[in-house]
file work14.csv (CSV, C-alpha atoms)
chain,number,residue,atom,x,y,z
A,1,MET,CA,10.5,34.1,12.4
A,2,LYS,CA,12.8,36.2,10.3
A,3,ILE,CA,11.5,37.2,6.8
A,4,LYS,CA,14.4,35.3,5.2
A,5,THR,CA,13.6,32.2,7.1
A,6,ALA,CA,9.9,32.5,6.2
A,7,LYS,CA,10.8,32.8,2.5
A,8,ARG,CA,12.9,29.7,2.7
A,9,TRP,CA,10.0,27.7,4.3
A,10,PHE,CA,7.7,29.2,1.7
A,11,ASN,CA,9.9,28.0,-1.1
A,12,TRP,CA,10.2,24.5,0.4
A,13,HIS,CA,6.4,24.3,0.6
A,14,LYS,CA,5.8,25.7,-2.9
A,15,TRP,CA,8.3,23.5,-4.8
A,16,THR,CA,7.7,20.3,-2.9
A,17,SER,CA,4.0,20.7,-3.4
A,18,LEU,CA,4.2,21.6,-7.1
A,19,ILE,CA,6.5,18.7,-7.9
A,20,CYS,CA,4.2,16.0,-6.3
A,21,THR,CA,0.8,17.6,-6.8
A,22,ILE,CA,-0.2,15.8,-10.1
A,23,PHE,CA,0.9,12.4,-8.8
A,24,LEU,CA,-0.8,13.0,-5.5
A,25,LEU,CA,-4.0,13.8,-7.3
A,26,MET,CA,-3.7,10.5,-9.1
A,27,LEU,CA,-3.0,8.7,-5.9
A,28,CYS,CA,-6.0,10.3,-4.1
A,29,VAL,CA,-8.4,9.5,-7.0
A,30,THR,CA,-7.3,5.9,-7.4
A,31,GLY,CA,-7.2,5.5,-3.6
A,32,LEU,CA,-10.9,6.3,-3.2
A,33,PRO,CA,-12.2,3.0,-4.7
A,34,LEU,CA,-9.3,1.1,-3.1
A,35,ILE,CA,-10.5,2.2,0.4
A,36,PHE,CA,-13.7,0.2,-0.3
A,37,HIS,CA,-12.1,-2.6,-2.2
A,38,GLU,CA,-13.4,-5.3,0.1
A,39,GLU,CA,-17.0,-4.1,-0.2
A,40,ILE,CA,-16.7,-3.8,-4.0
A,41,GLU,CA,-15.2,-7.3,-4.3
A,42,GLN,CA,-18.0,-8.7,-2.1
A,43,LEU,CA,-20.6,-7.2,-4.5
A,44,THR,CA,-18.9,-8.4,-7.7
A,45,GLN,CA,-17.1,-11.5,-6.6
A,46,ASN,CA,-19.1,-13.1,-3.8
A,47,PHE,CA,-18.5,-16.8,-3.8
A,48,ASN,CA,-20.0,-18.7,-0.9
A,49,ALA,CA,-18.4,-22.0,-0.1
A,50,GLN,CA,-21.2,-24.2,1.0
A,51,VAL,CA,-20.3,-26.9,3.6
A,52,PRO,CA,-22.4,-30.1,3.3
A,53,ALA,CA,-23.6,-31.5,6.6
A,54,GLY,CA,-20.9,-33.7,8.3
A,55,ALA,CA,-18.3,-32.9,5.6
A,56,GLN,CA,-14.6,-32.7,6.5
A,57,LYS,CA,-11.9,-30.6,4.9
A,58,ILE,CA,-10.3,-32.3,1.9
A,59,ASN,CA,-6.6,-33.0,2.2
A,60,LEU,CA,-4.6,-30.0,1.1
A,61,ASP,CA,-2.4,-32.1,-1.2
A,62,LYS,CA,-5.6,-33.2,-3.0
A,63,LEU,CA,-6.8,-29.7,-3.4
A,64,LYS,CA,-3.4,-28.8,-4.9
A,65,GLU,CA,-3.8,-31.5,-7.5
A,66,ILE,CA,-7.2,-30.1,-8.4
A,67,ALA,CA,-5.7,-26.6,-8.9
A,68,GLU,CA,-2.8,-28.0,-11.0
A,69,ALA,CA,-5.1,-30.2,-13.1
A,70,ARG,CA,-7.0,-27.0,-14.0
A,71,ASN,CA,-3.8,-25.6,-15.4
A,72,PRO,CA,-1.7,-28.3,-17.0
A,73,GLY,CA,2.1,-27.7,-16.9
A,74,LYS,CA,1.8,-25.4,-14.0
A,75,HIS,CA,2.5,-26.1,-10.3
A,76,ALA,CA,1.4,-24.5,-7.0
A,77,ARG,CA,3.6,-21.6,-5.7
A,78,PHE,CA,1.5,-19.9,-3.1
A,79,VAL,CA,-1.6,-21.1,-1.1
A,80,PHE,CA,-3.7,-18.4,0.6
A,81,TRP,CA,-6.4,-18.5,3.3
A,82,ASP,CA,-8.7,-15.7,4.6
A,83,ALA,CA,-10.9,-17.4,7.1
A,84,GLU,CA,-12.5,-14.2,8.3
A,85,LYS,CA,-13.6,-12.7,4.9
A,86,ASN,CA,-13.7,-15.9,2.8
A,87,PRO,CA,-14.3,-18.9,5.1
A,88,ASN,CA,-14.0,-22.5,3.8
A,89,GLN,CA,-12.1,-21.3,0.7
A,90,VAL,CA,-8.4,-21.7,-0.4
A,91,LEU,CA,-6.7,-19.9,-3.2
A,92,PHE,CA,-3.9,-21.4,-5.2
A,93,ASP,CA,-1.3,-19.5,-7.3
A,94,VAL,CA,0.0,-21.8,-10.0
A,95,VAL,CA,2.9,-21.1,-12.3
A,96,GLU,CA,5.4,-23.0,-14.5
A,97,LYS,CA,8.3,-22.3,-12.2
A,98,PRO,CA,8.6,-20.8,-8.7
A,99,ASP,CA,10.5,-17.7,-9.8
A,100,ALA,CA,8.1,-16.9,-12.6
A,101,PRO,CA,6.8,-13.2,-12.9
A,102,TYR,CA,3.6,-12.6,-11.0
A,103,LYS,CA,1.9,-11.6,-14.2
A,104,ASP,CA,2.2,-15.2,-15.3
A,105,SER,CA,0.3,-16.5,-12.2
A,106,LYS,CA,-3.0,-18.4,-12.6
A,107,TYR,CA,-5.3,-18.4,-9.6
A,108,VAL,CA,-7.8,-21.1,-8.6
A,109,LEU,CA,-10.3,-20.6,-5.8
A,110,ILE,CA,-11.5,-23.9,-4.3
A,111,ASN,CA,-14.1,-25.0,-1.7
A,112,GLU,CA,-12.0,-26.7,1.0
A,113,TYR,CA,-14.9,-29.1,1.8
A,114,THR,CA,-16.1,-30.2,-1.6
A,115,GLY,CA,-13.2,-29.5,-3.9
A,116,GLU,CA,-15.4,-27.4,-6.2
A,117,ILE,CA,-13.7,-24.7,-8.2
A,118,LEU,CA,-15.5,-21.5,-7.2
A,119,ASP,CA,-13.6,-19.1,-9.4
A,120,GLU,CA,-10.4,-18.4,-11.4
A,121,PRO,CA,-9.6,-14.8,-10.5
A,122,LYS,CA,-7.7,-12.7,-13.0
A,123,ASP,CA,-5.6,-9.6,-12.4
A,124,GLU,CA,-7.8,-7.4,-14.6
A,125,GLY,CA,-10.8,-5.0,-14.5
A,126,PHE,CA,-11.4,-1.6,-12.9
A,127,MET,CA,-10.0,-2.4,-9.4
A,128,SER,CA,-6.9,-4.0,-10.8
A,129,VAL,CA,-6.2,-0.8,-12.9
A,130,MET,CA,-6.8,1.4,-9.8
A,131,LEU,CA,-4.4,-0.8,-7.7
A,132,HIS,CA,-1.6,-0.8,-10.2
A,133,LEU,CA,-1.9,3.0,-10.8
A,134,HIS,CA,-1.8,3.5,-7.1
A,135,THR,CA,1.1,1.3,-6.3
A,136,ASP,CA,3.5,1.3,-9.2
A,137,MET,CA,1.9,3.0,-12.2
A,138,PHE,CA,2.3,-0.3,-14.2
A,139,VAL,CA,6.1,0.0,-14.2
A,140,GLY,CA,6.9,-2.2,-11.2
A,141,ILE,CA,9.6,-1.5,-8.6
A,142,PRO,CA,10.8,1.8,-10.3
A,143,GLY,CA,7.2,3.1,-10.2
A,144,LYS,CA,6.9,2.2,-6.5
A,145,LEU,CA,10.2,4.0,-5.6
A,146,PHE,CA,9.2,7.0,-7.7
A,147,LEU,CA,5.8,7.2,-5.9
A,148,GLY,CA,7.7,6.8,-2.6
A,149,LEU,CA,9.8,9.8,-3.5
A,150,MET,CA,6.6,11.8,-4.2
A,151,GLY,CA,5.3,10.7,-0.8
A,152,ILE,CA,8.5,12.1,0.9
A,153,LEU,CA,8.0,15.4,-0.9
A,154,PHE,CA,4.3,15.4,0.2
A,155,VAL,CA,5.4,15.0,3.9
A,156,ILE,CA,7.9,17.8,3.5
A,157,SER,CA,5.2,20.1,2.0
A,158,ILE,CA,2.9,19.2,5.0
A,159,ILE,CA,5.6,20.1,7.6
A,160,SER,CA,6.5,23.3,5.8
A,161,GLY,CA,2.8,24.2,5.6
A,162,ILE,CA,2.4,23.7,9.3
A,163,VAL,CA,5.4,26.0,10.0
A,164,LEU,CA,4.0,28.7,7.6
A,165,TYR,CA,0.4,28.4,9.0
A,166,GLY,CA,1.7,28.9,12.5
A,167,ARG,CA,3.4,32.1,11.5
A,168,ILE,CA,0.3,33.4,9.8
A,169,MET,CA,-2.0,32.6,12.7
A,170,LYS,CA,0.0,34.8,15.0
A,171,HIS,CA,-1.7,37.7,13.3
A,172,PHE,CA,-5.2,36.2,12.6
A,173,ASP,CA,-7.8,33.9,14.3
A,174,PHE,CA,-7.2,30.2,13.8
A,175,GLY,CA,-9.2,28.9,10.8
A,176,MET,CA,-10.1,32.3,9.5
A,177,VAL,CA,-11.4,32.7,5.9
A,178,ARG,CA,-11.5,36.3,4.7
A,179,LYS,CA,-14.8,36.2,2.8
A,180,ASP,CA,-14.8,40.0,2.3
A,181,LYS,CA,-11.5,40.0,0.5
A,182,SER,CA,-10.5,39.0,-3.1
A,183,ALA,CA,-11.3,35.6,-4.5
A,184,ARG,CA,-7.6,34.7,-4.4
A,185,LEU,CA,-7.4,35.4,-0.6
A,186,LYS,CA,-10.6,33.4,0.0
A,187,TRP,CA,-9.1,30.4,-1.8
A,188,LEU,CA,-5.8,30.9,0.0
A,189,ASP,CA,-7.5,30.9,3.4
A,190,THR,CA,-9.7,27.9,2.4
A,191,HIS,CA,-6.6,26.0,1.2
A,192,ASN,CA,-4.7,26.7,4.4
A,193,PHE,CA,-7.6,25.9,6.7
A,194,LEU,CA,-8.5,22.6,5.1
A,195,GLY,CA,-4.9,21.6,4.9
A,196,ILE,CA,-4.3,22.3,8.6
A,197,ALA,CA,-7.5,20.6,9.6
A,198,ILE,CA,-6.5,17.2,8.2
A,199,THR,CA,-2.7,17.6,8.7
A,200,ALA,CA,-2.5,14.6,11.1
A,201,TRP,CA,-4.4,12.3,8.6
A,202,MET,CA,-2.2,13.5,5.7
A,203,LEU,CA,0.9,12.8,7.6
A,204,VAL,CA,-0.3,9.3,8.5
A,205,VAL,CA,-1.3,8.5,4.9
A,206,GLY,CA,1.8,10.1,3.5
A,207,LEU,CA,4.2,8.2,5.8
A,208,THR,CA,2.5,4.9,5.5
A,209,GLY,CA,2.4,5.4,1.7
A,210,VAL,CA,6.2,5.9,1.7
A,211,ILE,CA,6.7,2.7,3.8
A,212,ASN,CA,4.4,0.7,1.4
A,213,ALA,CA,6.4,2.0,-1.6
A,214,MET,CA,9.5,0.6,0.0
A,215,SER,CA,8.0,-2.9,0.4
A,216,ASP,CA,10.4,-4.6,-2.0
A,217,VAL,CA,13.4,-3.0,-0.3
A,218,ILE,CA,12.1,-4.1,3.1
A,219,ILE,CA,11.4,-7.6,2.0
A,220,GLY,CA,14.8,-7.7,0.4
A,221,LEU,CA,16.4,-6.8,3.8
A,222,TRP,CA,14.4,-9.5,5.5
A,223,GLN,CA,15.6,-12.1,2.9
A,224,GLN,CA,19.2,-11.1,3.3
A,225,GLY,CA,18.9,-10.9,7.1
A,226,GLN,CA,16.6,-13.1,9.1
A,227,LEU,CA,15.6,-15.5,6.4
A,228,ALA,CA,19.3,-16.1,5.5
A,229,GLU,CA,20.0,-16.8,9.2
A,230,MET,CA,17.1,-19.2,9.5
A,231,THR,CA,18.2,-21.2,6.5
A,232,ALA,CA,22.0,-21.0,7.0
A,233,PRO,CA,22.4,-24.7,7.7
A,234,TYR,CA,21.0,-25.4,4.2
A,235,LYS,CA,23.3,-23.0,2.5
A,236,ASN,CA,25.4,-25.7,0.9
A,237,ALA,CA,22.7,-28.4,0.7
A,238,LYS,CA,22.1,-30.3,-2.5
A,239,PRO,CA,19.1,-29.1,-4.6
A,240,LEU,CA,15.8,-30.8,-3.9
A,241,THR,CA,15.0,-33.8,-6.1
A,242,GLY,CA,12.0,-36.0,-6.4
A,243,ASN,CA,8.6,-35.4,-4.8
A,244,LEU,CA,8.3,-32.9,-2.0
A,245,SER,CA,6.8,-33.7,1.4
A,246,SER,CA,3.1,-33.1,2.1
A,247,ILE,CA,1.9,-29.5,2.3
A,248,ASP,CA,-1.1,-30.7,4.3
A,249,ALA,CA,1.3,-32.1,6.9
A,250,ALA,CA,3.4,-28.9,6.7
A,251,LYS,CA,0.4,-26.8,7.5
A,252,LYS,CA,-0.7,-29.0,10.4
A,253,LEU,CA,2.9,-29.0,11.8
A,254,ALA,CA,3.0,-25.2,11.7
A,255,GLU,CA,-0.3,-25.0,13.5
A,256,GLN,CA,1.0,-27.3,16.2
A,257,LYS,CA,4.2,-25.2,16.7
A,258,ILE,CA,2.3,-21.9,16.9
A,259,PRO,CA,-1.1,-22.9,18.4
A,260,ASP,CA,-2.3,-19.4,19.1
A,261,MET,CA,-2.1,-18.3,15.5
A,262,HIS,CA,-3.6,-19.7,12.2
A,263,VAL,CA,-2.2,-20.1,8.7
A,264,SER,CA,-2.5,-17.3,6.3
A,265,VAL,CA,-0.1,-18.2,3.4
A,266,LEU,CA,1.9,-21.3,2.5
A,267,VAL,CA,4.8,-20.7,0.2
A,268,TYR,CA,6.6,-23.3,-1.9
A,269,PRO,CA,10.4,-23.6,-2.0
A,270,GLY,CA,12.3,-21.5,-4.6
A,271,THR,CA,10.3,-18.3,-4.2
A,272,ALA,CA,11.4,-14.9,-2.8
A,273,PHE,CA,9.6,-15.7,0.5
A,274,SER,CA,11.1,-19.1,1.2
A,275,SER,CA,14.4,-20.9,0.6
A,276,LYS,CA,15.2,-23.5,-2.0
A,277,HIS,CA,14.6,-26.2,0.5
A,278,HIS,CA,11.7,-25.1,2.7
A,279,TYR,CA,8.0,-24.5,2.8
A,280,ALA,CA,7.4,-21.1,4.5
A,281,VAL,CA,4.1,-21.2,6.4
A,282,PHE,CA,3.1,-17.7,7.4
A,283,MET,CA,0.9,-17.5,10.5
A,284,LYS,CA,-1.2,-14.6,11.7
A,285,GLY,CA,-2.9,-13.8,15.0
A,286,ASN,CA,-6.6,-13.4,15.9
A,287,THR,CA,-6.8,-9.8,17.1
A,288,PRO,CA,-7.2,-6.7,14.9
A,289,LEU,CA,-3.5,-5.9,15.3
A,290,THR,CA,-1.9,-9.3,15.3
A,291,ALA,CA,-4.0,-10.3,12.3
A,292,ARG,CA,-1.9,-7.9,10.3
A,293,VAL,CA,1.4,-9.3,11.5
A,294,LEU,CA,2.8,-12.5,10.0
A,295,LYS,CA,5.2,-15.0,11.6
A,296,PRO,CA,7.1,-17.5,9.4
A,297,VAL,CA,7.4,-21.2,10.2
A,298,LEU,CA,10.0,-23.0,8.0
A,299,ILE,CA,9.3,-26.7,7.2
A,300,ASP,CA,11.9,-28.8,5.4
A,301,ALA,CA,10.2,-29.7,2.1
A,302,ALA,CA,12.3,-32.9,1.7
A,303,ASN,CA,11.3,-34.6,5.0
A,304,GLY,CA,8.5,-32.4,6.4
A,305,GLN,CA,10.4,-31.6,9.6
A,306,PHE,CA,10.3,-28.3,11.5
A,307,THR,CA,13.3,-26.1,10.9
A,308,ASP,CA,12.8,-22.7,12.6
A,309,SER,CA,10.3,-20.0,13.4
A,310,ARG,CA,10.9,-16.4,14.6
A,311,ASP,CA,9.0,-13.2,15.0
A,312,MET,CA,9.5,-10.8,12.1
A,313,PRO,CA,11.9,-7.9,12.5
A,314,TRP,CA,10.4,-4.5,13.5
A,315,TYR,CA,10.8,-3.0,10.0
A,316,VAL,CA,8.8,-5.8,8.4
A,317,ASN,CA,6.1,-5.6,11.0
A,318,THR,CA,6.0,-1.8,10.4
A,319,LEU,CA,5.3,-2.6,6.7
A,320,PHE,CA,2.5,-5.1,7.7
A,321,VAL,CA,0.8,-2.5,10.0
A,322,SER,CA,1.2,0.4,7.5
A,323,GLU,CA,-0.6,-1.2,4.6
A,324,PRO,CA,-4.1,-1.5,6.2
A,325,LEU,CA,-3.6,1.8,8.0
A,326,HIS,CA,-2.9,3.5,4.7
A,327,PHE,CA,-6.4,2.5,3.5
A,328,GLY,CA,-8.2,2.9,6.8
A,329,ASP,CA,-8.7,-0.9,7.1
A,330,TYR,CA,-8.8,-1.1,10.9
A,331,GLY,CA,-12.1,0.3,12.1
A,332,GLY,CA,-14.7,-1.2,9.8
A,333,LEU,CA,-16.9,0.8,7.4
A,334,PHE,CA,-17.0,3.9,9.6
A,335,LEU,CA,-13.2,4.4,9.5
A,336,LYS,CA,-13.3,3.8,5.7
A,337,VAL,CA,-15.9,6.4,5.2
A,338,LEU,CA,-13.9,8.8,7.3
A,339,TRP,CA,-10.8,8.0,5.2
A,340,ALA,CA,-12.8,8.7,2.0
A,341,ILE,CA,-14.0,12.1,3.3
A,342,PHE,CA,-10.4,13.1,4.2
A,343,ASP,CA,-9.3,11.9,0.8
A,344,VAL,CA,-11.8,14.2,-0.9
A,345,ILE,CA,-10.7,17.1,1.2
A,346,THR,CA,-7.1,16.4,0.3
A,347,ILE,CA,-8.1,16.5,-3.4
A,348,ILE,CA,-9.6,20.0,-2.8
A,349,VAL,CA,-6.4,21.1,-1.0
A,350,LEU,CA,-4.3,19.9,-3.9
A,351,ILE,CA,-6.5,21.6,-6.6
A,352,THR,CA,-6.7,24.9,-4.7
A,353,GLY,CA,-2.9,24.9,-4.2
A,354,LEU,CA,-2.4,24.4,-7.9
A,355,TYR,CA,-5.0,27.1,-8.7
A,356,LEU,CA,-3.3,29.6,-6.3
A,357,TRP,CA,0.1,28.9,-7.9
A,358,ILE,CA,-1.4,29.5,-11.4
A,359,ILE,CA,-3.1,32.7,-10.3
A,360,ARG,CA,0.1,33.9,-8.6
A,361,ARG,CA,2.1,33.3,-11.7
A,362,LYS,CA,-0.4,35.2,-13.9
A,363,SER,CA,-0.4,38.1,-11.4
A,364,GLN,CA,3.4,38.2,-11.4
A,365,LYS,CA,3.5,38.1,-15.2
A,366,LYS,CA,1.1,41.0,-15.4
A,367,GLN,CA,3.1,43.0,-12.9
A,368,TRP,CA,6.3,42.3,-14.7
A,369,THR,CA,4.7,43.3,-18.0
A,370,ARG,CA,3.5,46.6,-16.4
A,371,ILE,CA,7.0,47.4,-15.1
A,372,GLN,CA,8.5,46.7,-18.5
A,373,ARG,CA,5.9,49.0,-20.1
A,374,LEU,CA,6.7,51.8,-17.6
A,375,ASN,CA,10.4,51.4,-18.3
A,376,ASP,CA,9.8,51.6,-22.0
A,377,GLU,CA,7.8,54.8,-21.6
A,378,LYS,CA,10.5,56.4,-19.6
A,379,LYS,CA,13.0,55.7,-22.3

call {"tool": "encode", "arguments": {"input": "work14.csv", "output": "structure tokens"}}
result
Amino acid sequence: MKIKTAKRWFNWHKWTSLICTIFLLMLCVTGLPLIFHEEIEQLTQNFNAQVPAGAQKINLDKLKEIAEARNPGKHARFVFWDAEKNPNQVLFDVVEKPDAPYKDSKYVLINEYTGEILDEPKDEGFMSVMLHLHTDMFVGIPGKLFLGLMGILFVISIISGIVLYGRIMKHFDFGMVRKDKSARLKWLDTHNFLGIAITAWMLVVGLTGVINAMSDVIIGLWQQGQLAEMTAPYKNAKPLTGNLSSIDAAKKLAEQKIPDMHVSVLVYPGTAFSSKHHYAVFMKGNTPLTARVLKPVLIDAANGQFTDSRDMPWYVNTLFVSEPLHFGDYGGLFLKVLWAIFDVITIIVLITGLYLWIIRRKSQKKQWTRIQRLNDEKK
């Protein structure tokens, strides 16, 4: 590699790293507790839904009435199930109107067999603050897109770092740390070695982070593409009036149409994830991979009849797969611990990189001051 080319790669690495370092430190720090969010929630919010002997599940429409009665003037918008982690429970999101901001949502967790209200979760507390800082810094879509840009810079800094390390290692042993040299060189070697040791992990987390930051854009493309195609016959249909069809029947019909999957989310008409005339029942599989991928089933909310069901486009499935991979949520506790260790190492890499830049600037400033002094003496 020519010296001019090496300097260009060095500048790419330096400036992309400097611009995103502070935000990446914030993401790494907030990401640590989020890796273990399930374990933390189980310790702080463990609600066991007891099933009486011989009990049957209560009709879903009846459970909806219980959730709405708890919040007068509000109506169900989303219905969530998580049979693996929270069996025998159903979570309702109730709002005044379907397109209300998510901050206005009220949540009601109900035992499916007894109708008992187990909890009314709120979007607050330590984990909520960590999640908002990590995803959008409390500024919504602009925050997501900004953090996505920082993720792109992070990926560029990793690639440029690989190129530079490869050039350096032509003259030294791989992974060397010059302990007999100055403190700056020892920190530089440590920074380089730790960075190259977890390069693959940083690329995975960086790229999946960028994809997750683009979630609103990806969902928007799906709405304008596949969802619009599925609901095209209803484009000029009259608005829904009167009572809607049974959501219990809609859920059972979706399960009949896709028997090898189970219901994860049921969405009411008028939201961003359904049309103005349909329930959208999102199904998920039973394997570690298919459990992350959703398949929509559209049910006419006026008459309860099946409308359409299709596999999600590749770009939406990429989003579904990226989110759990970003937090190491695929291999149980072992993978989460490994993700946490790599996260801590990344924090060290970021701090040492910032330290090296500060030391380098101080050294250059001293050198420039010395040159000026010599010039003044000559005069």

call {"tool": "closest_residue", "arguments": {"input": "work14.csv", "among": "A:Lys186, A:His326, A:Lys4, A:Arg373", "to": "Ile211 (chain A)", "atoms": "all atoms listed in the file"}}
result
A:His326

call {"tool": "closest_residue", "arguments": {"input": "work14.csv", "among": "A:Asp300, A:Thr369, A:Gly353, A:Tyr102", "to": "Asp189 (chain A)", "atoms": "all atoms listed in the file"}}
result
A:Gly353

call {"tool": "closest_residue", "arguments": {"input": "work14.csv", "among": "A:Thr199, A:Thr135, A:Ser274, A:Ser246", "to": "Ser160 (chain A)", "atoms": "all atoms listed in the file"}}
result
A:Thr199

call {"tool": "closest_residue", "arguments": {"input": "work14.csv", "among": "A:Asp343, A:Glu124, A:Asp119, A:Asp99", "to": "Phe273 (chain A)", "atoms": "only C-alpha atoms"}}
result
A:Asp99

call {"tool": "atom_distance", "arguments": {"input": "work14.csv", "atom1": "CA of Thr231 (chain A)", "atom2": "CA of Pro269 (chain A)"}}
result
11.8 Å

call {"tool": "atom_distance", "arguments": {"input": "work14.csv", "atom1": "CA of His191 (chain A)", "atom2": "CA of Leu325 (chain A)"}}
result
25.3 Å

call {"tool": "atom_distance", "arguments": {"input": "work14.csv", "atom1": "CA of Lys103 (chain A)", "atom2": "CA of Leu133 (chain A)"}}
result
15.5 Å

call {"tool": "closest_residue", "arguments": {"input": "work14.csv", "among": "A:Gly143, A:Lys7, A:Ile247, A:Trp314", "to": "Val281 (chain A)", "atoms": "all atoms listed in the file"}}
result
A:Ile247

call {"tool": "residues_near_point", "arguments": {"input": "work14.csv", "point": "(-0.6, -31.5, 3.3)", "cutoff": "12 Å", "atoms": "only C-alpha atoms", "output": "list in words"}}
result
Lys57, Ile58, Asn59, Leu60, Asp61, Lys62, Leu63, Lys64, Glu65, Val79, Leu244, Ser245, Ser246, Ile247, Asp248, Ala249, Ala250, Lys251, Lys252, Leu253, Ala254, Leu266, Tyr279, Val281, Ile299, Ala301 and Gly304 of chain A

call {"tool": "write_last_selection", "arguments": {"input": "work14.csv", "atoms": "C-alpha atoms", "output": "mmCIF file, keeping the file's coordinate frame"}}
result
data_model
loop_
_atom_site.group_PDB
_atom_site.id
_atom_site.type_symbol
_atom_site.label_atom_id
_atom_site.label_comp_id
_atom_site.auth_asym_id
_atom_site.auth_seq_id
_atom_site.Cartn_x
_atom_site.Cartn_y
_atom_site.Cartn_z
ATOM 1 C CA LYS A 57 -11.900 -30.600 4.900
ATOM 2 C CA ILE A 58 -10.300 -32.300 1.900
ATOM 3 C CA ASN A 59 -6.600 -33.000 2.200
ATOM 4 C CA LEU A 60 -4.600 -30.000 1.100
ATOM 5 C CA ASP A 61 -2.400 -32.100 -1.200
ATOM 6 C CA LYS A 62 -5.600 -33.200 -3.000
ATOM 7 C CA LEU A 63 -6.800 -29.700 -3.400
ATOM 8 C CA LYS A 64 -3.400 -28.800 -4.900
ATOM 9 C CA GLU A 65 -3.800 -31.500 -7.500
ATOM 10 C CA VAL A 79 -1.600 -21.100 -1.100
ATOM 11 C CA LEU A 244 8.300 -32.900 -2.000
ATOM 12 C CA SER A 245 6.800 -33.700 1.400
ATOM 13 C CA SER A 246 3.100 -33.100 2.100
ATOM 14 C CA ILE A 247 1.900 -29.500 2.300
ATOM 15 C CA ASP A 248 -1.100 -30.700 4.300
ATOM 16 C CA ALA A 249 1.300 -32.100 6.900
ATOM 17 C CA ALA A 250 3.400 -28.900 6.700
ATOM 18 C CA LYS A 251 0.400 -26.800 7.500
ATOM 19 C CA LYS A 252 -0.700 -29.000 10.400
ATOM 20 C CA LEU A 253 2.900 -29.000 11.800
ATOM 21 C CA ALA A 254 3.000 -25.200 11.700
ATOM 22 C CA LEU A 266 1.900 -21.300 2.500
ATOM 23 C CA TYR A 279 8.000 -24.500 2.800
ATOM 24 C CA VAL A 281 4.100 -21.200 6.400
ATOM 25 C CA ILE A 299 9.300 -26.700 7.200
ATOM 26 C CA ALA A 301 10.200 -29.700 2.100
ATOM 27 C CA GLY A 304 8.500 -32.400 6.400
#

call {"tool": "residues_around", "arguments": {"input": "work14.csv", "residues": "Arg178 (chain A)", "least_positions_apart": "5", "cutoff": "10 Å", "atoms": "all atoms listed in the file", "output": "list in words"}}
result
Ala183, Leu185, Lys186, Trp187, Leu188, Asp189 and Thr190 of chain A

call {"tool": "write_last_selection", "arguments": {"input": "work14.csv", "atoms": "C-alpha atoms", "output": "PDB file, in the frame of the given file"}}
result
ATOM      1  CA  ALA A 183     -11.300  35.600  -4.500  1.00  0.00           C
ATOM      2  CA  LEU A 185      -7.400  35.400  -0.600  1.00  0.00           C
ATOM      3  CA  LYS A 186     -10.600  33.400   0.000  1.00  0.00           C
ATOM      4  CA  TRP A 187      -9.100  30.400  -1.800  1.00  0.00           C
ATOM      5  CA  LEU A 188      -5.800  30.900   0.000  1.00  0.00           C
ATOM      6  CA  ASP A 189      -7.500  30.900   3.400  1.00  0.00           C
ATOM      7  CA  THR A 190      -9.700  27.900   2.400  1.00  0.00           C
TER       8      THR A 190
END

call {"tool": "residues_near_point", "arguments": {"input": "work14.csv", "point": "(3.9, 22.2, 0.7)", "cutoff": "12 Å", "atoms": "all atoms listed in the file", "output": "ChimeraX atom specification"}}
result
/A:8-21,150-165,191-192,195-196,199,202,349-350,353-354,357

call {"tool": "closest_residue", "arguments": {"input": "work14.csv", "among": "A:Leu356, A:Ile218, A:Gly242, A:Lys365", "to": "Phe320 (chain A)", "atoms": "all atoms listed in the file"}}
result
A:Ile218

call {"tool": "residues_around", "arguments": {"input": "work14.csv", "residues": "Asp329 (chain A)", "least_positions_apart": "2", "cutoff": "12 Å", "atoms": "all atoms listed in the file", "output": "list of chain:residue names"}}
result
A:Leu34, A:Ile35, A:Phe36, A:His37, A:Glu38, A:Glu39, A:Pro288, A:Leu289, A:Ala291, A:Arg292, A:Phe320, A:Val321, A:Ser322, A:Glu323, A:Pro324, A:Leu325, A:His326, A:Phe327, A:Gly331, A:Gly332, A:Leu333, A:Phe334, A:Leu335, A:Lys336, A:Val337, A:Leu338, A:Trp339, A:Ala340

call {"tool": "residues_around", "arguments": {"input": "work14.csv", "residues": "Tyr234 (chain A)", "least_positions_apart": "2", "cutoff": "9 Å", "atoms": "only C-alpha atoms", "output": "list in words"}}
result
Thr231, Ala232, Asn236, Ala237, Lys238, Ser275, Lys276 and His277 of chain A
